[in-house]
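Data file: structure.cif. Format and content: mmCIF, C-alpha atoms, pLDDT in the B column; chains and numbers go by the auth columns.
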```
data_start
loop_
_atom_site.group_PDB
_atom_site.id
_atom_site.type_symbol
_atom_site.label_atom_id
_atom_site.label_comp_id
_atom_site.label_asym_id
_atom_site.label_seq_id
_atom_site.Cartn_x
_atom_site.Cartn_y
_atom_site.Cartn_z
_atom_site.B_iso_or_equiv
_atom_site.auth_seq_id
_atom_site.auth_asym_id
ATOM 1 C CA MET A 1 12.809 3.856 9.613 97.00 551 C
ATOM 2 C CA THR A 2 10.453 5.525 11.980 97.00 552 C
ATOM 3 C CA GLY A 3 8.844 8.915 12.210 97.00 553 C
ATOM 4 C CA MET A 4 5.489 10.576 12.357 96.00 554 C
ATOM 5 C CA PRO A 5 3.311 10.560 9.225 93.00 555 C
ATOM 6 C CA GLY A 6 4.587 13.003 6.617 93.00 556 C
ATOM 7 C CA ALA A 7 8.066 13.414 8.119 96.00 557 C
ATOM 8 C CA GLY A 8 9.799 12.203 4.944 95.00 558 C
ATOM 9 C CA LYS A 9 10.214 8.447 5.408 95.00 559 C
ATOM 10 C CA SER A 10 8.802 7.592 1.985 92.00 560 C
ATOM 11 C CA THR A 11 11.171 10.071 0.333 95.00 561 C
ATOM 12 C CA VAL A 12 14.108 8.458 2.121 97.00 562 C
ATOM 13 C CA ALA A 13 12.864 4.961 1.231 96.00 563 C
ATOM 14 C CA ALA A 14 12.568 5.893 -2.447 95.00 564 C
ATOM 15 C CA PHE A 15 16.102 7.290 -2.383 97.00 565 C
ATOM 16 C CA LEU A 16 17.486 4.123 -0.779 96.00 566 C
ATOM 17 C CA LYS A 17 15.611 1.998 -3.314 95.00 567 C
ATOM 18 C CA GLU A 18 17.453 3.915 -6.052 95.00 568 C
ATOM 19 C CA LYS A 19 20.681 2.988 -4.221 94.00 569 C
ATOM 20 C CA GLY A 20 19.859 -0.724 -4.474 92.00 570 C
ATOM 21 C CA PHE A 21 18.107 -1.394 -1.174 94.00 571 C
ATOM 22 C CA PHE A 22 14.984 -3.536 -1.095 93.00 572 C
ATOM 23 C CA VAL A 23 12.174 -1.506 0.518 95.00 573 C
ATOM 24 C CA ILE A 24 9.291 -2.926 2.534 94.00 574 C
ATOM 25 C CA THR A 25 6.668 -0.448 3.701 93.00 575 C
ATOM 26 C CA MET A 26 4.879 -1.574 6.831 92.00 576 C
ATOM 27 C CA GLY A 27 1.811 0.469 5.890 88.00 577 C
ATOM 28 C CA ASP A 28 1.498 -1.688 2.773 90.00 578 C
ATOM 29 C CA VAL A 29 1.025 -4.717 5.034 89.00 579 C
ATOM 30 C CA ILE A 30 -2.000 -3.004 6.586 90.00 580 C
ATOM 31 C CA ARG A 31 -3.287 -1.873 3.170 91.00 581 C
ATOM 32 C CA GLU A 32 -3.115 -5.494 1.925 92.00 582 C
ATOM 33 C CA LYS A 33 -4.988 -6.750 4.986 91.00 583 C
ATOM 34 C CA ALA A 34 -7.641 -4.052 4.395 93.00 584 C
ATOM 35 C CA LYS A 35 -8.040 -5.210 0.774 94.00 585 C
ATOM 36 C CA GLU A 36 -8.441 -8.816 1.968 94.00 586 C
ATOM 37 C CA LYS A 37 -11.252 -7.644 4.251 93.00 587 C
ATOM 38 C CA ASN A 38 -12.761 -5.387 1.546 94.00 588 C
ATOM 39 C CA LEU A 39 -12.267 -2.307 3.723 93.00 589 C
ATOM 40 C CA PRO A 40 -11.878 1.175 2.249 91.00 590 C
ATOM 41 C CA LEU A 41 -8.266 2.349 2.037 89.00 591 C
ATOM 42 C CA ASP A 42 -8.953 5.592 3.890 87.00 592 C
ATOM 43 C CA ASP A 43 -7.203 6.929 6.980 83.00 593 C
ATOM 44 C CA LYS A 44 -9.941 5.947 9.435 85.00 594 C
ATOM 45 C CA SER A 45 -10.345 2.355 8.190 89.00 595 C
ATOM 46 C CA LEU A 46 -6.600 1.718 7.980 89.00 596 C
ATOM 47 C CA GLY A 47 -6.033 3.242 11.411 86.00 597 C
ATOM 48 C CA GLU A 48 -8.748 1.140 13.018 90.00 598 C
ATOM 49 C CA LEU A 49 -7.451 -2.008 11.324 91.00 599 C
ATOM 50 C CA MET A 50 -3.899 -1.267 12.541 89.00 600 C
ATOM 51 C CA LYS A 51 -5.114 -0.774 16.118 88.00 601 C
ATOM 52 C CA ASP A 52 -7.311 -3.875 15.945 92.00 602 C
ATOM 53 C CA PHE A 53 -4.429 -6.025 14.665 89.00 603 C
ATOM 54 C CA ARG A 54 -2.236 -4.820 17.505 89.00 604 C
ATOM 55 C CA ARG A 55 -4.965 -5.403 20.115 91.00 605 C
ATOM 56 C CA THR A 56 -5.661 -8.893 18.803 94.00 606 C
ATOM 57 C CA HIS A 57 -2.147 -10.113 17.947 93.00 607 C
ATOM 58 C CA GLY A 58 0.214 -7.904 19.967 89.00 608 C
ATOM 59 C CA ASN A 59 2.078 -4.671 19.334 88.00 609 C
ATOM 60 C CA ASP A 60 4.681 -6.448 17.205 91.00 610 C
ATOM 61 C CA ILE A 61 2.263 -8.124 14.719 92.00 611 C
ATOM 62 C CA ILE A 62 3.068 -5.842 11.777 91.00 612 C
ATOM 63 C CA ALA A 63 6.782 -6.464 12.295 93.00 613 C
ATOM 64 C CA ASN A 64 6.158 -10.224 12.379 92.00 614 C
ATOM 65 C CA LEU A 65 4.224 -10.001 9.097 91.00 615 C
ATOM 66 C CA THR A 66 7.037 -7.866 7.677 92.00 616 C
ATOM 67 C CA MET A 67 9.576 -10.506 8.761 91.00 617 C
ATOM 68 C CA LYS A 68 7.716 -13.073 6.647 89.00 618 C
ATOM 69 C CA ARG A 69 8.286 -10.838 3.628 88.00 619 C
ATOM 70 C CA ILE A 70 11.955 -10.374 4.442 89.00 620 C
ATOM 71 C CA LYS A 71 12.437 -14.153 4.761 86.00 621 C
ATOM 72 C CA GLU A 72 10.816 -14.638 1.345 85.00 622 C
ATOM 73 C CA LEU A 73 13.584 -12.621 -0.323 83.00 623 C
ATOM 74 C CA LYS A 74 15.677 -15.108 -2.249 66.00 624 C
ATOM 75 C CA ASP A 75 18.772 -12.939 -2.659 67.00 625 C
ATOM 76 C CA LYS A 76 20.733 -11.747 0.286 69.00 626 C
ATOM 77 C CA CYS A 77 20.189 -8.000 0.072 81.00 627 C
ATOM 78 C CA LEU A 78 20.044 -4.896 2.190 90.00 628 C
ATOM 79 C CA VAL A 79 16.488 -4.181 3.317 93.00 629 C
ATOM 80 C CA VAL A 80 14.878 -0.935 4.400 95.00 630 C
ATOM 81 C CA VAL A 81 11.718 -1.237 6.476 96.00 631 C
ATOM 82 C CA ASP A 82 9.708 1.949 6.186 96.00 632 C
ATOM 83 C CA GLY A 83 7.225 2.726 8.929 93.00 633 C
ATOM 84 C CA ILE A 84 8.240 1.271 12.297 95.00 634 C
ATOM 85 C CA ARG A 85 5.441 2.358 14.650 92.00 635 C
ATOM 86 C CA SER A 86 6.671 0.969 17.977 92.00 636 C
ATOM 87 C CA TYR A 87 9.868 -0.076 19.662 93.00 637 C
ATOM 88 C CA ASP A 88 8.411 -3.596 19.964 92.00 638 C
ATOM 89 C CA GLU A 89 8.389 -3.759 16.152 93.00 639 C
ATOM 90 C CA PHE A 90 12.009 -2.653 16.033 95.00 640 C
ATOM 91 C CA LYS A 91 13.003 -5.345 18.557 94.00 641 C
ATOM 92 C CA VAL A 92 11.463 -8.033 16.315 94.00 642 C
ATOM 93 C CA LEU A 93 13.562 -6.851 13.374 93.00 643 C
ATOM 94 C CA LYS A 94 16.676 -6.316 15.534 93.00 644 C
ATOM 95 C CA SER A 95 16.504 -9.941 16.704 91.00 645 C
ATOM 96 C CA THR A 96 17.373 -11.090 13.167 85.00 646 C
ATOM 97 C CA GLY A 97 20.835 -9.559 12.958 84.00 647 C
ATOM 98 C CA PHE A 98 22.401 -6.224 12.077 90.00 648 C
ATOM 99 C CA VAL A 99 19.536 -3.726 12.198 94.00 649 C
ATOM 100 C CA LYS A 100 19.630 0.029 12.766 97.00 650 C
ATOM 101 C CA LEU A 101 16.772 2.463 13.341 97.00 651 C
ATOM 102 C CA LEU A 102 16.657 5.863 11.639 98.00 652 C
ATOM 103 C CA ALA A 103 14.100 8.428 12.820 98.00 653 C
ATOM 104 C CA ILE A 104 12.943 11.194 10.499 98.00 654 C
ATOM 105 C CA HIS A 105 11.530 14.232 12.319 97.00 655 C
ATOM 106 C CA ALA A 106 9.556 17.192 11.009 97.00 656 C
ATOM 107 C CA ALA A 107 7.302 19.787 12.604 96.00 657 C
ATOM 108 C CA SER A 108 3.562 19.212 12.514 95.00 658 C
ATOM 109 C CA ASN A 109 2.821 21.953 9.958 94.00 659 C
ATOM 110 C CA ILE A 110 5.528 20.666 7.599 95.00 660 C
ATOM 111 C CA ARG A 111 4.299 17.088 7.913 95.00 661 C
ATOM 112 C CA TYR A 112 0.714 18.145 7.243 94.00 662 C
ATOM 113 C CA GLY A 113 1.855 19.882 4.059 92.00 663 C
ATOM 114 C CA HIS A 114 3.757 16.777 2.957 92.00 664 C
ATOM 115 C CA ILE A 115 0.714 14.570 3.564 92.00 665 C
ATOM 116 C CA ILE A 116 -1.646 16.852 1.654 90.00 666 C
ATOM 117 C CA ASN A 117 0.799 17.037 -1.282 89.00 667 C
ATOM 118 C CA ARG A 118 1.237 13.270 -1.630 83.00 668 C
ATOM 119 C CA GLU A 119 -2.487 12.722 -2.294 78.00 669 C
ATOM 120 C CA ARG A 120 -2.761 9.107 -1.112 80.00 670 C
ATOM 121 C CA SER A 121 -6.058 7.385 -0.388 79.00 671 C
ATOM 122 C CA ASP A 122 -5.348 7.608 3.350 82.00 672 C
ATOM 123 C CA THR A 123 -4.789 11.389 3.351 85.00 673 C
ATOM 124 C CA PRO A 124 -6.639 12.849 6.351 86.00 674 C
ATOM 125 C CA ALA A 125 -9.712 14.851 5.343 84.00 675 C
ATOM 126 C CA ASN A 126 -8.637 17.928 7.325 89.00 676 C
ATOM 127 C CA HIS A 127 -6.175 19.219 9.924 91.00 677 C
ATOM 128 C CA GLU A 128 -8.271 17.842 12.797 92.00 678 C
ATOM 129 C CA SER A 129 -8.137 14.350 11.245 90.00 679 C
ATOM 130 C CA PHE A 130 -4.388 14.787 10.825 92.00 680 C
ATOM 131 C CA LEU A 131 -4.031 15.561 14.547 92.00 681 C
ATOM 132 C CA GLN A 132 -6.174 12.519 15.402 91.00 682 C
ATOM 133 C CA ARG A 133 -3.836 10.415 13.278 90.00 683 C
ATOM 134 C CA ASP A 134 -0.874 11.792 15.214 93.00 684 C
ATOM 135 C CA ASP A 135 -2.606 10.827 18.482 93.00 685 C
ATOM 136 C CA ARG A 136 -3.206 7.306 17.146 89.00 686 C
ATOM 137 C CA GLU A 137 0.469 6.959 16.225 91.00 687 C
ATOM 138 C CA MET A 138 1.546 8.188 19.660 92.00 688 C
ATOM 139 C CA ASN A 139 -0.819 5.717 21.349 89.00 689 C
ATOM 140 C CA VAL A 140 0.709 2.830 19.372 88.00 690 C
ATOM 141 C CA GLY A 141 4.128 3.743 20.788 90.00 691 C
ATOM 142 C CA ILE A 142 5.920 5.548 17.989 95.00 692 C
ATOM 143 C CA SER A 143 7.427 8.113 20.373 95.00 693 C
ATOM 144 C CA LYS A 144 9.551 5.424 22.049 95.00 694 C
ATOM 145 C CA ALA A 145 10.796 4.170 18.676 96.00 695 C
ATOM 146 C CA ILE A 146 11.698 7.722 17.660 97.00 696 C
ATOM 147 C CA ALA A 147 13.387 8.467 20.995 96.00 697 C
ATOM 148 C CA LEU A 148 15.470 5.273 20.929 96.00 698 C
ATOM 149 C CA ALA A 149 16.487 5.430 17.255 97.00 699 C
ATOM 150 C CA ASP A 150 20.163 4.933 16.460 97.00 700 C
ATOM 151 C CA GLU A 151 20.220 8.139 14.416 98.00 701 C
ATOM 152 C CA SER A 152 17.735 10.884 13.626 97.00 702 C
ATOM 153 C CA ILE A 153 17.374 13.580 11.009 98.00 703 C
ATOM 154 C CA SER A 154 15.428 16.809 11.407 97.00 704 C
ATOM 155 C CA ASN A 155 13.621 17.343 8.106 97.00 705 C
ATOM 156 C CA ASN A 156 12.207 20.793 8.905 96.00 706 C
ATOM 157 C CA ASN A 157 14.268 22.989 6.623 92.00 707 C
ATOM 158 C CA LEU A 158 16.052 20.524 4.354 96.00 708 C
ATOM 159 C CA THR A 159 15.847 20.368 0.607 95.00 709 C
ATOM 160 C CA ILE A 160 15.386 16.888 -0.801 95.00 710 C
ATOM 161 C CA ASN A 161 19.067 16.859 -1.801 97.00 711 C
ATOM 162 C CA GLU A 162 20.139 17.864 1.722 97.00 712 C
ATOM 163 C CA LEU A 163 17.944 15.116 3.176 97.00 713 C
ATOM 164 C CA LYS A 164 19.464 12.571 0.788 97.00 714 C
ATOM 165 C CA LEU A 165 22.988 13.694 1.697 98.00 715 C
ATOM 166 C CA GLN A 166 22.324 13.251 5.422 98.00 716 C
ATOM 167 C CA VAL A 167 20.786 9.828 4.823 98.00 717 C
ATOM 168 C CA GLU A 168 23.715 8.784 2.639 97.00 718 C
ATOM 169 C CA THR A 169 26.207 9.789 5.347 98.00 719 C
ATOM 170 C CA ILE A 170 24.377 7.735 7.973 98.00 720 C
ATOM 171 C CA ILE A 171 23.922 4.717 5.699 97.00 721 C
ATOM 172 C CA GLU A 172 27.605 4.733 4.692 96.00 722 C
ATOM 173 C CA LYS A 173 28.555 4.721 8.396 97.00 723 C
ATOM 174 C CA TRP A 174 26.173 1.824 9.085 96.00 724 C
ATOM 175 C CA LEU A 175 27.402 -0.146 6.072 94.00 725 C
ATOM 176 C CA HIS A 176 30.949 0.295 7.355 95.00 726 C
ATOM 177 C CA GLU A 177 29.848 -1.006 10.804 94.00 727 C
ATOM 178 C CA TYR A 178 28.031 -3.930 9.149 91.00 728 C
ATOM 179 C CA ASN A 179 31.021 -4.876 7.006 90.00 729 C
ATOM 180 C CA ASN A 180 33.334 -4.670 10.035 89.00 730 C
ATOM 181 C CA SER A 181 30.986 -6.845 12.099 82.00 731 C
ATOM 182 C CA ASN A 182 30.967 -9.474 9.322 70.00 732 C
ATOM 183 C CA ILE A 183 34.758 -9.420 9.082 65.00 733 C
ATOM 184 C CA ASN A 184 35.047 -9.848 12.868 57.00 734 C
ATOM 185 C CA ASN A 185 32.467 -12.657 12.857 57.00 735 C
ATOM 186 C CA ASN A 186 34.309 -14.488 10.068 51.00 736 C
ATOM 187 C CA VAL A 187 37.700 -14.091 11.815 48.00 737 C
ATOM 188 C CA SER A 188 36.366 -15.518 15.102 46.00 738 C
ATOM 189 C CA LYS A 189 34.977 -18.652 13.400 46.00 739 C
#
```
Translate this file's structure into structure tokens.
Amino acid sequence: MTGMPGAGKSTVAAFLKEKGFFVITMGDVIREKAKEKNLPLDDKSLGELMKDFRRTHGNDIIANLTMKRIKELKDKCLVVVDGIRSYDEFKVLKSTGFVKLLAIHAASNIRYGHIINRERSDTPANHESFLQRDDREMNVGISKAIALADESISNNNLTINELKLQVETIIEKWLHEYNNSNINNNVSK
């Protein structure tokens, strides 16, 4: 999944986890690296670490670290990766097999409200910090990932149940495509 901070990705990820998907949050990869370096888990520190990792190791580094986690999964399961920040990251994941990208959209004022309500350690201190975070995300390349997503959902005026229903419809379609691709692959062997 991709989308600007506060658009509703975590809500969708939690819903899919309830449905049996294994969820990996790319932001958690950065939070773990920050803990290893004894950095504060605030918005500024995490943002600088994310940018530094990308500068040093390439724009796809977080996806490569995420791939290590996916490969460690012992059971073959359906995985949701929450927090794609660039199309380069998506290409890394897409190279492994059947992968689809879902973009969650929401207006800036709605996203800011979501972020304030979730009360995480990386919550921006004020609206100006929130806008700076948006700029950082855009500079990393999130707009291309959002624009090239396979499907997108506008989460401006949806209830949580309406959001879940839209997600479920998309996921059912993708599961059908996945199952058909496996049947066709097995028949051609």
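Atom pair CA of Glu727 (chain C) / CA of Ser636 (chain C): separated by 24.3 Å.
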Inset, instruction - Could you please give me, as a PyMOL selection string, the residues of protein, DNA or RNA lying at most 10 Å from (18.0, 0.2, 16.9) in the coordinate frame of the file, considering all atoms listed in the file? - result: chain C and resi 551+637+640-641+643-644+648-653+695-696+698-701
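Distance check against Lys569 (chain C) using all atoms listed in the file: of C:Lys714, C:Lys723, C:Arg670, C:His664, the minimum falls on C:Lys714.
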Inset, instruction - Report as a PyMOL selection string the full result of the PyMOL selection byres ((chain C and resi 674) around 12) when it is applied to this structure. - result: chain C and resi 555-556+591-597+661-673+675-684
For those residues, write C-alpha atoms to a file as a compact mmCIF listing (two decimals), keeping the file's coordinate frame.
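Writing done, so here's part.txt:
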```txt
# COMPACT_ATOMS: atom_id res chain seq x y z
CA PRO C 555 3.31 10.56 9.22
CA GLY C 556 4.59 13.00 6.62
CA LEU C 591 -8.27 2.35 2.04
CA ASP C 592 -8.95 5.59 3.89
CA ASP C 593 -7.20 6.93 6.98
CA LYS C 594 -9.94 5.95 9.44
CA SER C 595 -10.34 2.36 8.19
CA LEU C 596 -6.60 1.72 7.98
CA GLY C 597 -6.03 3.24 11.41
CA ARG C 661 4.30 17.09 7.91
CA TYR C 662 0.71 18.14 7.24
CA GLY C 663 1.86 19.88 4.06
CA HIS C 664 3.76 16.78 2.96
CA ILE C 665 0.71 14.57 3.56
CA ILE C 666 -1.65 16.85 1.65
CA ASN C 667 0.80 17.04 -1.28
CA ARG C 668 1.24 13.27 -1.63
CA GLU C 669 -2.49 12.72 -2.29
CA ARG C 670 -2.76 9.11 -1.11
CA SER C 671 -6.06 7.38 -0.39
CA ASP C 672 -5.35 7.61 3.35
CA THR C 673 -4.79 11.39 3.35
CA ALA C 675 -9.71 14.85 5.34
CA ASN C 676 -8.64 17.93 7.32
CA HIS C 677 -6.18 19.22 9.92
CA GLU C 678 -8.27 17.84 12.80
CA SER C 679 -8.14 14.35 11.24
CA PHE C 680 -4.39 14.79 10.82
CA LEU C 681 -4.03 15.56 14.55
CA GLN C 682 -6.17 12.52 15.40
CA ARG C 683 -3.84 10.42 13.28
CA ASP C 684 -0.87 11.79 15.21
```
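Protein and nucleic acid residues near (24.0, -10.6, 13.4) are Lys644, Ser645, Thr646, Gly647, Phe648, Val649, Tyr728, Ser731, Asn732 and Asn735 of chain C, the criterion being any atom at most 10 Å away using only C-alpha atoms.
Taking CA of Phe565 (chain C) as the reference point, CA of Glu722 (chain C) is found at 13.7 Å.
The gap separating CA of Gly558 (chain C) from CA of Leu708 (chain C) is 10.4 Å, in Å to one decimal.
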Inset, instruction - For each of C:Arg605, C:Ile703, C:Lys618, C:Ala564, take the minimum atom-to-atom distance to Ala657 (chain C), counting all atoms listed in the file, then give the residue where this is smallest. - result: C:Ile703
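Selection by the PyMOL selection byres ((chain C and resi 632) around 9) on the present file picks out C:Met551, C:Thr552, C:Lys559, C:Ser560, C:Val562, C:Ala563, C:Val573, C:Ile574, C:Thr575, C:Met576, C:Gly577, C:Val630, C:Val631, C:Gly633, C:Ile634.
If all atoms listed in the file are the atoms counted, then among C:Asn711, C:Lys587, C:Phe571, C:Ile660 the closest residue to Ala557 (chain C) is C:Ile660.
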Inset, instruction - Go through C:His607, C:His726, C:Arg686, C:Lys583 and flag the residue nearest Arg635 (chain C), using all atoms listed in the file for the distances. - result: C:Arg686
